[in-house]
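Data from model16.csv: CSV, C-alpha atoms
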```
chain,number,residue,atom,x,y,z
A,1,MET,CA,-49.4,19.6,57.1
A,2,TYR,CA,-46.1,19.9,59.0
A,3,LYS,CA,-47.8,18.3,62.1
A,4,LEU,CA,-48.8,15.3,60.0
A,5,PHE,CA,-45.3,15.0,58.5
A,6,PHE,CA,-43.8,15.3,62.0
A,7,ARG,CA,-46.0,12.6,63.4
A,8,LEU,CA,-45.6,10.2,60.5
A,9,PHE,CA,-41.9,10.8,59.8
A,10,PHE,CA,-39.8,12.8,62.3
A,11,THR,CA,-41.3,10.9,65.4
A,12,ARG,CA,-39.9,7.7,63.9
A,13,MET,CA,-36.4,9.1,63.7
A,14,ASP,CA,-33.8,9.6,66.4
A,15,PRO,CA,-34.3,13.3,67.5
A,16,GLU,CA,-30.8,14.3,66.8
A,17,GLN,CA,-30.8,12.6,63.4
A,18,ALA,CA,-34.1,14.4,62.6
A,19,HIS,CA,-32.6,17.7,63.7
A,20,HIS,CA,-29.6,17.3,61.4
A,21,LEU,CA,-31.9,16.3,58.5
A,22,ALA,CA,-34.2,19.4,58.9
A,23,PHE,CA,-31.1,21.6,59.4
A,24,ARG,CA,-29.7,20.3,56.1
A,25,TRP,CA,-32.9,21.1,54.3
A,26,ILE,CA,-33.0,24.6,55.7
A,27,ARG,CA,-29.3,25.3,54.7
A,28,LEU,CA,-29.9,23.9,51.2
A,29,ALA,CA,-33.0,26.0,50.6
A,30,ALA,CA,-31.2,29.1,51.7
A,31,ARG,CA,-28.5,28.5,49.0
A,32,VAL,CA,-31.0,28.6,46.1
A,33,PRO,CA,-31.8,32.2,45.3
A,34,VAL,CA,-35.2,31.8,43.8
A,35,LEU,CA,-36.3,29.3,46.5
A,36,ARG,CA,-35.1,31.3,49.4
A,37,THR,CA,-36.8,34.5,48.1
A,38,PHE,CA,-40.1,32.6,47.8
A,39,LEU,CA,-39.7,31.0,51.2
A,40,ALA,CA,-38.8,34.3,52.9
A,41,ALA,CA,-41.8,36.0,51.3
A,42,ALA,CA,-44.1,33.2,52.6
A,43,LEU,CA,-42.6,32.6,56.0
A,44,ALA,CA,-41.1,36.0,57.0
A,45,PRO,CA,-43.6,38.7,56.2
A,46,ARG,CA,-42.7,42.0,57.9
A,47,TYR,CA,-45.0,44.0,60.2
A,48,LYS,CA,-44.0,47.6,60.6
A,49,GLU,CA,-45.6,47.8,64.0
A,50,LEU,CA,-43.4,45.1,65.3
A,51,ARG,CA,-40.1,46.8,64.5
A,52,THR,CA,-37.9,46.6,67.6
A,53,GLU,CA,-34.8,48.3,68.9
A,54,ALA,CA,-32.6,46.6,71.6
A,55,PHE,CA,-29.0,47.2,72.6
A,56,GLY,CA,-29.0,50.0,70.0
A,57,LEU,CA,-29.7,47.4,67.3
A,58,ARG,CA,-32.7,47.6,65.0
A,59,MET,CA,-34.7,44.5,64.2
A,60,HIS,CA,-37.6,43.6,62.1
A,61,GLY,CA,-39.4,42.3,65.2
A,62,PRO,CA,-38.8,41.0,68.7
A,63,PHE,CA,-38.8,37.3,68.0
A,64,GLY,CA,-35.6,35.4,67.5
A,65,LEU,CA,-34.1,31.9,67.6
A,66,ALA,CA,-32.5,30.8,70.9
A,67,ALA,CA,-29.0,29.4,71.1
A,68,GLY,CA,-28.7,25.7,70.7
A,69,PHE,CA,-30.2,25.2,67.2
A,70,ASP,CA,-27.4,26.6,65.1
A,71,LYS,CA,-24.4,25.8,67.3
A,72,ASN,CA,-21.7,26.5,64.6
A,73,ALA,CA,-23.1,29.5,62.7
A,74,VAL,CA,-23.8,27.5,59.5
A,75,ALA,CA,-27.5,28.4,58.9
A,76,ILE,CA,-28.0,32.0,59.9
A,77,ASP,CA,-29.5,33.0,56.6
A,78,GLY,CA,-31.6,29.9,56.6
A,79,MET,CA,-33.1,30.8,60.0
A,80,ALA,CA,-33.7,34.4,58.9
A,81,MET,CA,-35.4,33.0,55.8
A,82,LEU,CA,-37.8,31.3,58.1
A,83,GLY,CA,-38.7,34.5,59.8
A,84,PHE,CA,-36.5,34.8,62.9
A,85,ASP,CA,-35.7,38.5,63.6
A,86,HIS,CA,-32.4,37.6,65.3
A,87,VAL,CA,-30.4,34.4,65.4
A,88,GLU,CA,-28.3,33.5,68.5
A,89,ILE,CA,-25.6,31.0,67.5
A,90,GLY,CA,-23.8,28.7,69.9
A,91,THR,CA,-23.1,27.8,72.5
A,92,VAL,CA,-19.5,28.1,71.3
A,93,THR,CA,-16.6,27.0,73.6
A,94,GLY,CA,-13.0,28.1,73.6
A,95,GLU,CA,-11.9,24.7,72.1
A,96,PRO,CA,-13.8,22.3,69.8
A,97,GLN,CA,-15.5,19.5,71.6
A,98,PRO,CA,-17.8,16.5,70.6
A,99,GLY,CA,-20.2,16.9,73.5
A,100,ASN,CA,-21.6,14.1,75.5
A,101,PRO,CA,-22.0,10.6,74.2
A,102,ARG,CA,-25.2,9.8,72.2
A,103,LYS,CA,-28.1,9.3,72.8
A,104,ARG,CA,-28.4,12.8,74.2
A,105,LEU,CA,-31.5,14.4,72.8
A,106,PHE,CA,-35.0,13.2,73.7
A,107,ARG,CA,-38.5,14.2,72.6
A,108,LEU,CA,-41.3,14.4,75.2
A,109,VAL,CA,-44.2,14.7,72.7
A,110,GLN,CA,-46.9,14.5,75.3
A,111,ASP,CA,-45.4,17.4,77.1
A,112,ARG,CA,-44.3,19.3,73.9
A,113,ALA,CA,-40.8,19.4,75.4
A,114,LEU,CA,-37.3,18.2,74.9
A,115,ILE,CA,-34.6,16.9,77.2
A,116,ASN,CA,-31.0,17.5,76.0
A,117,ARG,CA,-27.6,16.7,77.4
A,118,MET,CA,-25.7,17.7,74.3
A,119,GLY,CA,-22.8,19.1,76.3
A,120,PHE,CA,-21.9,22.1,74.1
A,121,ASN,CA,-20.9,20.0,71.0
A,122,ASN,CA,-19.4,22.6,68.7
A,123,ASP,CA,-16.5,23.4,66.3
A,124,GLY,CA,-14.8,25.7,68.8
A,125,SER,CA,-14.4,29.5,68.8
A,126,ALA,CA,-11.6,29.7,66.3
A,127,ALA,CA,-13.5,27.8,63.6
A,128,VAL,CA,-16.8,29.6,64.3
A,129,ALA,CA,-15.0,33.0,64.2
A,130,ALA,CA,-13.5,32.1,60.8
A,131,ARG,CA,-16.9,31.1,59.5
A,132,LEU,CA,-18.5,34.3,60.7
A,133,HIS,CA,-15.7,36.3,59.1
A,134,ALA,CA,-16.2,34.6,55.8
A,135,ARG,CA,-20.0,34.9,55.8
A,136,VAL,CA,-21.6,37.1,53.1
A,137,PRO,CA,-25.1,37.8,54.5
A,138,VAL,CA,-28.1,37.2,52.3
A,139,PHE,CA,-30.7,38.4,54.7
A,140,ARG,CA,-30.3,41.2,57.2
A,141,THR,CA,-30.6,39.8,60.6
A,142,VAL,CA,-29.0,40.4,64.0
A,143,VAL,CA,-26.6,37.7,65.1
A,144,GLY,CA,-26.0,37.0,68.7
A,145,VAL,CA,-23.0,34.8,69.8
A,146,ASN,CA,-23.5,32.6,72.9
A,147,ILE,CA,-20.3,31.5,74.6
A,148,GLY,CA,-19.7,28.8,77.2
A,149,LYS,CA,-16.9,27.0,79.1
A,150,THR,CA,-14.9,24.2,77.5
A,151,LYS,CA,-15.7,21.0,79.4
A,152,VAL,CA,-12.1,20.1,80.2
A,153,VAL,CA,-11.2,23.6,81.5
A,154,PRO,CA,-11.2,23.6,85.3
A,155,GLU,CA,-13.7,25.9,87.0
A,156,ALA,CA,-10.9,28.1,88.3
A,157,GLU,CA,-9.7,28.8,84.8
A,158,ALA,CA,-13.1,29.4,83.3
A,159,ALA,CA,-12.7,33.2,82.9
A,160,ALA,CA,-9.6,32.7,80.7
A,161,ASP,CA,-11.6,30.3,78.5
A,162,TYR,CA,-14.4,32.7,78.1
A,163,VAL,CA,-11.9,35.5,77.3
A,164,LYS,CA,-10.3,33.4,74.6
A,165,SER,CA,-13.7,33.0,72.9
A,166,THR,CA,-14.5,36.6,73.4
A,167,GLU,CA,-11.3,37.7,71.7
A,168,ARG,CA,-12.1,35.5,68.7
A,169,LEU,CA,-15.8,36.1,68.4
A,170,ALA,CA,-16.7,39.6,69.7
A,171,ARG,CA,-15.9,41.4,66.5
A,172,HIS,CA,-18.4,39.2,64.6
A,173,ALA,CA,-21.2,39.5,67.2
A,174,ASP,CA,-24.0,42.0,67.2
A,175,TYR,CA,-24.3,41.0,70.8
A,176,LEU,CA,-22.5,38.5,73.0
A,177,VAL,CA,-24.0,36.2,75.6
A,178,VAL,CA,-22.2,34.6,78.5
A,179,ASN,CA,-23.8,31.2,79.2
A,180,VAL,CA,-23.3,30.0,82.8
A,181,SER,CA,-26.6,28.2,83.0
A,182,SER,CA,-26.5,24.9,81.0
A,183,PRO,CA,-26.9,21.9,83.3
A,184,ASN,CA,-24.8,19.7,80.9
A,185,THR,CA,-21.3,21.0,81.6
A,186,PRO,CA,-20.1,19.9,85.1
A,187,GLY,CA,-19.6,22.9,87.4
A,188,LEU,CA,-20.9,25.5,84.9
A,189,ARG,CA,-23.9,26.5,87.0
A,190,ASN,CA,-21.6,27.3,89.9
A,191,LEU,CA,-20.5,30.3,87.9
A,192,GLN,CA,-23.9,31.9,88.4
A,193,ALA,CA,-23.0,32.6,92.1
A,194,THR,CA,-22.2,36.4,92.2
A,195,GLN,CA,-18.8,35.9,93.7
A,196,SER,CA,-17.8,33.9,90.6
A,197,LEU,CA,-20.0,35.7,88.1
A,198,ARG,CA,-18.6,39.2,88.9
A,199,PRO,CA,-15.0,38.6,87.9
A,200,LEU,CA,-16.1,36.4,84.9
A,201,LEU,CA,-18.3,39.1,83.4
A,202,THR,CA,-15.8,41.8,84.1
A,203,ALA,CA,-13.1,39.8,82.3
A,204,VAL,CA,-15.4,39.3,79.3
A,205,ARG,CA,-16.4,42.9,79.2
A,206,GLU,CA,-12.8,44.0,79.2
A,207,ALA,CA,-11.8,41.5,76.5
A,208,ALA,CA,-14.7,42.6,74.3
A,209,ASP,CA,-13.7,46.3,74.7
A,210,ARG,CA,-10.1,45.8,73.9
A,211,THR,CA,-10.8,43.5,71.0
A,212,VAL,CA,-13.5,45.7,69.3
A,213,THR,CA,-12.6,49.4,69.6
A,214,ASP,CA,-14.9,50.9,67.0
A,215,ARG,CA,-18.2,50.0,68.8
A,216,ARG,CA,-19.4,48.7,72.1
A,217,VAL,CA,-20.4,45.0,71.8
A,218,PRO,CA,-23.6,44.5,73.9
A,219,LEU,CA,-23.0,41.9,76.7
A,220,LEU,CA,-25.7,39.7,78.2
A,221,VAL,CA,-25.8,36.8,80.7
A,222,LYS,CA,-28.1,33.8,80.4
A,223,ILE,CA,-29.4,32.4,83.7
A,224,ALA,CA,-31.1,29.2,84.8
A,225,PRO,CA,-34.8,28.9,85.8
A,226,ASP,CA,-33.7,26.8,88.8
A,227,LEU,CA,-32.1,29.7,90.6
A,228,ALA,CA,-33.7,30.6,93.9
A,229,ASP,CA,-35.6,33.9,93.9
A,230,GLU,CA,-32.9,35.6,96.0
A,231,ASP,CA,-30.2,34.5,93.6
A,232,VAL,CA,-32.2,35.9,90.6
A,233,ASP,CA,-32.3,39.2,92.5
A,234,ALA,CA,-28.6,39.0,93.1
A,235,VAL,CA,-27.8,38.4,89.4
A,236,ALA,CA,-30.1,41.3,88.5
A,237,ASP,CA,-28.4,43.6,91.0
A,238,LEU,CA,-25.0,42.5,89.7
A,239,ALA,CA,-26.0,43.1,86.1
A,240,VAL,CA,-27.0,46.7,86.9
A,241,GLU,CA,-23.8,47.2,88.9
A,242,LEU,CA,-21.6,46.0,86.0
A,243,GLY,CA,-23.5,47.8,83.4
A,244,LEU,CA,-24.5,44.7,81.5
A,245,ASP,CA,-26.8,45.2,78.4
A,246,GLY,CA,-29.2,42.4,79.1
A,247,ILE,CA,-30.2,39.2,80.8
A,248,ILE,CA,-31.7,36.2,79.0
A,249,ALA,CA,-34.3,34.3,81.1
A,250,THR,CA,-34.1,31.4,81.0
A,251,ASN,CA,-32.1,28.4,80.0
A,252,THR,CA,-33.3,24.8,80.4
A,253,THR,CA,-34.4,23.3,83.8
A,254,ILE,CA,-33.4,20.2,85.7
A,255,ALA,CA,-36.9,20.0,87.3
A,256,ARG,CA,-39.3,17.3,86.2
A,257,GLU,CA,-42.5,18.1,88.0
A,258,GLY,CA,-45.9,17.6,86.3
A,259,LEU,CA,-44.7,15.8,83.2
A,260,LYS,CA,-47.0,13.4,81.3
A,261,SER,CA,-44.5,11.5,79.2
A,262,PRO,CA,-43.3,8.0,80.1
A,263,ALA,CA,-40.8,7.7,83.0
A,264,ARG,CA,-38.2,6.2,80.5
A,265,LEU,CA,-38.1,9.7,79.0
A,266,THR,CA,-38.7,11.9,82.0
A,267,GLY,CA,-35.9,10.1,83.9
A,268,GLU,CA,-33.3,11.1,81.4
A,269,THR,CA,-30.7,13.5,82.7
A,270,GLY,CA,-30.2,16.8,81.0
A,271,GLY,CA,-32.0,20.1,80.6
A,272,LEU,CA,-35.7,20.2,80.0
A,273,SER,CA,-37.0,22.8,77.6
A,274,GLY,CA,-40.4,23.5,76.0
A,275,ALA,CA,-43.9,23.9,77.4
A,276,PRO,CA,-43.2,22.7,81.0
A,277,LEU,CA,-40.7,25.6,81.4
A,278,LYS,CA,-43.3,28.2,80.6
A,279,GLU,CA,-44.5,29.1,84.0
A,280,ARG,CA,-41.2,29.3,85.8
A,281,SER,CA,-39.5,31.2,83.0
A,282,LEU,CA,-42.2,33.8,83.1
A,283,GLU,CA,-41.9,34.1,86.9
A,284,VAL,CA,-38.2,34.7,86.6
A,285,LEU,CA,-38.7,37.3,83.9
A,286,ARG,CA,-41.3,39.2,85.9
A,287,ARG,CA,-39.0,39.1,88.9
A,288,LEU,CA,-36.1,40.5,86.9
A,289,TYR,CA,-38.2,43.3,85.4
A,290,ALA,CA,-39.5,44.3,88.8
A,291,ARG,CA,-35.9,44.5,90.0
A,292,VAL,CA,-34.2,46.2,87.0
A,293,GLY,CA,-37.0,48.0,85.2
A,294,ASP,CA,-35.9,49.6,81.9
A,295,ARG,CA,-32.2,49.8,83.0
A,296,ILE,CA,-31.4,46.5,81.4
A,297,THR,CA,-32.9,44.8,78.3
A,298,LEU,CA,-34.5,41.4,79.1
A,299,VAL,CA,-34.9,38.5,76.7
A,300,GLY,CA,-37.7,36.0,77.4
A,301,VAL,CA,-37.2,32.4,76.4
A,302,GLY,CA,-38.5,29.1,77.7
A,303,GLY,CA,-41.9,27.6,76.7
A,304,VAL,CA,-42.7,30.1,74.0
A,305,GLU,CA,-45.1,28.1,71.9
A,306,ASN,CA,-47.2,30.7,70.2
A,307,ALA,CA,-48.0,34.4,69.9
A,308,GLU,CA,-49.8,34.5,73.2
A,309,ASP,CA,-46.8,33.2,75.0
A,310,ALA,CA,-44.6,35.8,73.3
A,311,TRP,CA,-47.1,38.6,74.1
A,312,GLN,CA,-47.1,37.5,77.8
A,313,ARG,CA,-43.3,37.7,77.8
A,314,ILE,CA,-43.4,41.3,76.4
A,315,LEU,CA,-46.0,42.4,79.0
A,316,ALA,CA,-43.9,40.8,81.7
A,317,GLY,CA,-40.8,42.8,80.7
A,318,ALA,CA,-39.1,41.2,77.7
A,319,THR,CA,-38.0,43.5,74.9
A,320,LEU,CA,-37.0,40.4,72.9
A,321,VAL,CA,-38.4,36.9,72.9
A,322,GLN,CA,-36.8,33.7,71.7
A,323,GLY,CA,-38.0,30.2,70.8
A,324,TYR,CA,-36.4,26.9,70.1
A,325,SER,CA,-38.2,23.7,71.3
A,326,ALA,CA,-41.6,24.8,69.9
A,327,PHE,CA,-39.9,25.1,66.5
A,328,VAL,CA,-39.4,21.4,66.5
A,329,TYR,CA,-43.2,20.8,67.0
A,330,GLU,CA,-44.6,23.7,65.0
A,331,GLY,CA,-42.2,23.6,62.0
A,332,PRO,CA,-41.4,26.3,59.4
A,333,PHE,CA,-44.5,28.4,60.0
A,334,TYR,CA,-43.6,28.9,63.7
A,335,ALA,CA,-42.1,32.4,63.4
A,336,ARG,CA,-44.7,33.5,60.9
A,337,ALA,CA,-47.6,32.6,63.3
A,338,VAL,CA,-45.9,34.3,66.2
A,339,HIS,CA,-45.4,37.5,64.2
A,340,LYS,CA,-49.0,37.5,62.9
A,341,GLY,CA,-50.4,36.9,66.4
A,342,LEU,CA,-48.2,39.6,68.0
A,343,SER,CA,-49.3,42.1,65.4
A,344,ALA,CA,-53.0,41.3,66.1
A,345,ARG,CA,-52.5,41.6,69.9
A,346,LEU,CA,-50.6,44.8,69.7
A,347,ASN,CA,-53.2,46.4,67.4
A,348,ALA,CA,-56.0,45.3,69.8
A,349,SER,CA,-54.1,46.6,72.9
A,350,PRO,CA,-54.1,50.1,74.4
A,351,TYR,CA,-50.4,50.4,73.5
A,352,ALA,CA,-49.2,52.3,70.5
A,353,THR,CA,-45.9,50.4,70.2
A,354,LEU,CA,-44.3,47.2,71.4
A,355,ALA,CA,-41.9,49.3,73.4
A,356,GLU,CA,-44.9,50.7,75.3
A,357,ALA,CA,-46.1,47.2,76.1
A,358,VAL,CA,-42.8,46.0,77.5
A,359,GLY,CA,-43.3,45.4,81.2
A,360,ALA,CA,-46.8,46.8,81.3
A,361,ASP,CA,-48.4,44.0,83.3
A,362,THR,CA,-45.5,43.8,85.8
A,363,ARG,CA,-45.7,47.6,86.4
A,364,LYS,CA,-49.5,47.3,87.0
A,365,ALA,CA,-48.9,44.5,89.5
A,366,ALA,CA,-46.4,46.6,91.4
A,367,VAL,CA,-48.9,49.5,91.9
```
Any chance you could give the structure as structure tokens?
Amino acid sequence: MYKLFFRLFFTRMDPEQAHHLAFRWIRLAARVPVLRTFLAAALAPRYKELRTEAFGLRMHGPFGLAAGFDKNAVAIDGMAMLGFDHVEIGTVTGEPQPGNPRKRLFRLVQDRALINRMGFNNDGSAAVAARLHARVPVFRTVVGVNIGKTKVVPEAEAAADYVKSTERLARHADYLVVNVSSPNTPGLRNLQATQSLRPLLTAVREAADRTVTDRRVPLLVKIAPDLADEDVDAVADLAVELGLDGIIATNTTIAREGLKSPARLTGETGGLSGAPLKERSLEVLRRLYARVGDRITLVGVGGVENAEDAWQRILAGATLVQGYSAFVYEGPFYARAVHKGLSARLNASPYATLAEAVGADTRKAAV
């Protein structure tokens, strides 16, 4: 039914306008007690065998919403209502910014993909921190906070900008993500080089520790699929050296190979997400797990369309899996279908728990 609605209605709308409309419906539904209870029962059934622990946090399952959908932390309960086991908000920057000029979001329906050049449009870390502080949770869900660089801040002053966001947001985050991999902020990806990334991550870790003294806020870094293999290895080694809690693999790509959509769409600048990212994202995940093993928690994202994709991420080494672009195409039953399929695959596998399955294929390949 959703696919028919998508084809007849949403495809006729500007993608960003359609996003805001769907987002408004989700938020409204989550505000109506009886309706949200009914929807959660239908869309977010729980499977005991999928219970997951990561960064010392307990979750109903491994499948969450990637950053980018709820940039300003206004629909956390709505997304939990739809079945996401964790919700990563952001990317949030030190200062509010409108993002890049419209039109900046494009649907590649033939490729089941999106291109975006949103440019970290968000309300800024102070406003988002205030919203998180005032939030009264309706559903129990883990909330990650993804932070990035304000566009007007020079690259040389990036660390101070990330620290500002950390000081405002860390106390409200179940885990914190340093985003240095979006292609839509000039110079941002340069921060993935280890000589820049080491002082940046060190500064954020120190800021989180002095801001939140009653617990350790888990710290992750999100990397691009376009890194060369040796750079993926370098980031993995740095993460181990610095004692990071996790790596998210991967963000969007600037590559355009093998797309079926018209050139007027594929030629748009920005980050490509969705199905075409699947293979490279999985390659990076396997490479990371082969390098770090169980010393660091890995989060797999990029081209996760269904339960089989999520299962492959887990076998490759991901403890957690995230989706976003497929949600646009699959609709409100997306998380439910992933959970149901994961449960079936786990029960049919030789593994007693999801934790046992994490990295199993990558370990076998290394023997």
In file coordinates, which residues lie within 10 Å of (-45.0, 47.1, 83.7) using all atoms listed in the file, given as a CSV table (one decimal) with C-alpha atoms, keeping the file's coordinate frame?
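Final output, part11.csv:
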```csv
chain,number,residue,atom,x,y,z
A,286,ARG,CA,-41.3,39.2,85.9
A,289,TYR,CA,-38.2,43.3,85.4
A,290,ALA,CA,-39.5,44.3,88.8
A,293,GLY,CA,-37.0,48.0,85.2
A,294,ASP,CA,-35.9,49.6,81.9
A,314,ILE,CA,-43.4,41.3,76.4
A,315,LEU,CA,-46.0,42.4,79.0
A,316,ALA,CA,-43.9,40.8,81.7
A,317,GLY,CA,-40.8,42.8,80.7
A,356,GLU,CA,-44.9,50.7,75.3
A,357,ALA,CA,-46.1,47.2,76.1
A,358,VAL,CA,-42.8,46.0,77.5
A,359,GLY,CA,-43.3,45.4,81.2
A,360,ALA,CA,-46.8,46.8,81.3
A,361,ASP,CA,-48.4,44.0,83.3
A,362,THR,CA,-45.5,43.8,85.8
A,363,ARG,CA,-45.7,47.6,86.4
A,364,LYS,CA,-49.5,47.3,87.0
A,365,ALA,CA,-48.9,44.5,89.5
A,366,ALA,CA,-46.4,46.6,91.4
A,367,VAL,CA,-48.9,49.5,91.9
```
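Of the residues under consideration (A:Ala326, A:Ala236, A:Ala170, A:Met79), A:Met79 shows the shortest atom-to-atom contact distance to Leu28 in chain A when counting all atoms listed in the file.
Picture a line from CA of Ser325 in chain A to CA of Gly303 in chain A; it runs 7.6 Å.
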Residue neighbourhood range 220-232 of chain A, 7 Å, only C-alpha atoms, exclusion window fewer than 6 positions, as JSON, numbers by chain: {"A": [176, 177, 178, 179, 180, 181, 244, 245, 246, 247, 248, 249, 250, 251, 252, 253, 280, 281, 284]}
Distance query range 272-279 of chain A at most 8 Å, all atoms listed in the file, self and fewer than 4 positions along chain excluded, as JSON, numbers by chain: {"A": [111, 112, 113, 114, 115, 116, 251, 252, 253, 254, 255, 256, 258, 259, 283, 302, 303, 304, 305, 324, 325, 326]}
What separation in Å, quoted to one decimal, exists between CA of Ala318 in chain A and CA of Ile296 in chain A?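 Taking CA of Ala318 in chain A and CA of Ile296 in chain A, their separation equals 10.1 Å.
The space separating CA of Glu88 in chain A from CA of Ala66 in chain A comes to 5.5 Å.
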Within 10 Å of Glu53 in chain A, counting all atoms listed in the file, which residues qualify if same-chain residues fewer than 2 places away don't, as a ChimeraX atom specification? /A:50-51,55-62,319-320,354-355
Would you list the contacts of Gln195 in chain A as an MDAnalysis selection string, taking every protein, DNA or RNA residue within 10 Å and counting all atoms listed in the file, but skipping same-chain residues closer than 5 positions in sequence? chainID A and resid 190 200 238
Identify which of the residues A:Val321, A:Ala203, A:Val328, A:Ala18 lies closest to Leu108 in chain A, counting all atoms listed in the file when measuring atom-to-atom distances.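 Closest candidate: A:Val328.
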Might you pull out every residue within 12 Å of Thr211 in chain A, with only C-alpha atoms counted and same-chain residues fewer than 6 positions away left off, and present them as a list in words?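 Using only C-alpha atoms, the neighbours found are Val163, Lys164, Ser165, Thr166, Glu167, Arg168, Leu169, Ala170, Arg171, His172, Ala173, Val204, Arg205 and Val217 of chain A.
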With all atoms listed in the file as the atoms that count, which of A:Ser343, A:Ser196, A:Asn146, A:Thr185 lies nearest to Gln97 in chain A? A:Thr185
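Shortest atom-to-atom contact with Phe84 in chain A among A:Ala158, A:Val338, A:Ala263, A:Leu35: A:Val338, counting all atoms listed in the file.
Distances here use all atoms listed in the file; by that measure, the residue among A:Arg135, A:Arg345, A:Arg31, A:Arg295 closest to Trp311 in chain A is A:Arg345.
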Return the single residue from A:Arg287, A:Arg336, A:Val143, A:Gly331 that is closest to Leu4 in chain A, with distances computed using only C-alpha atoms. A:Gly331
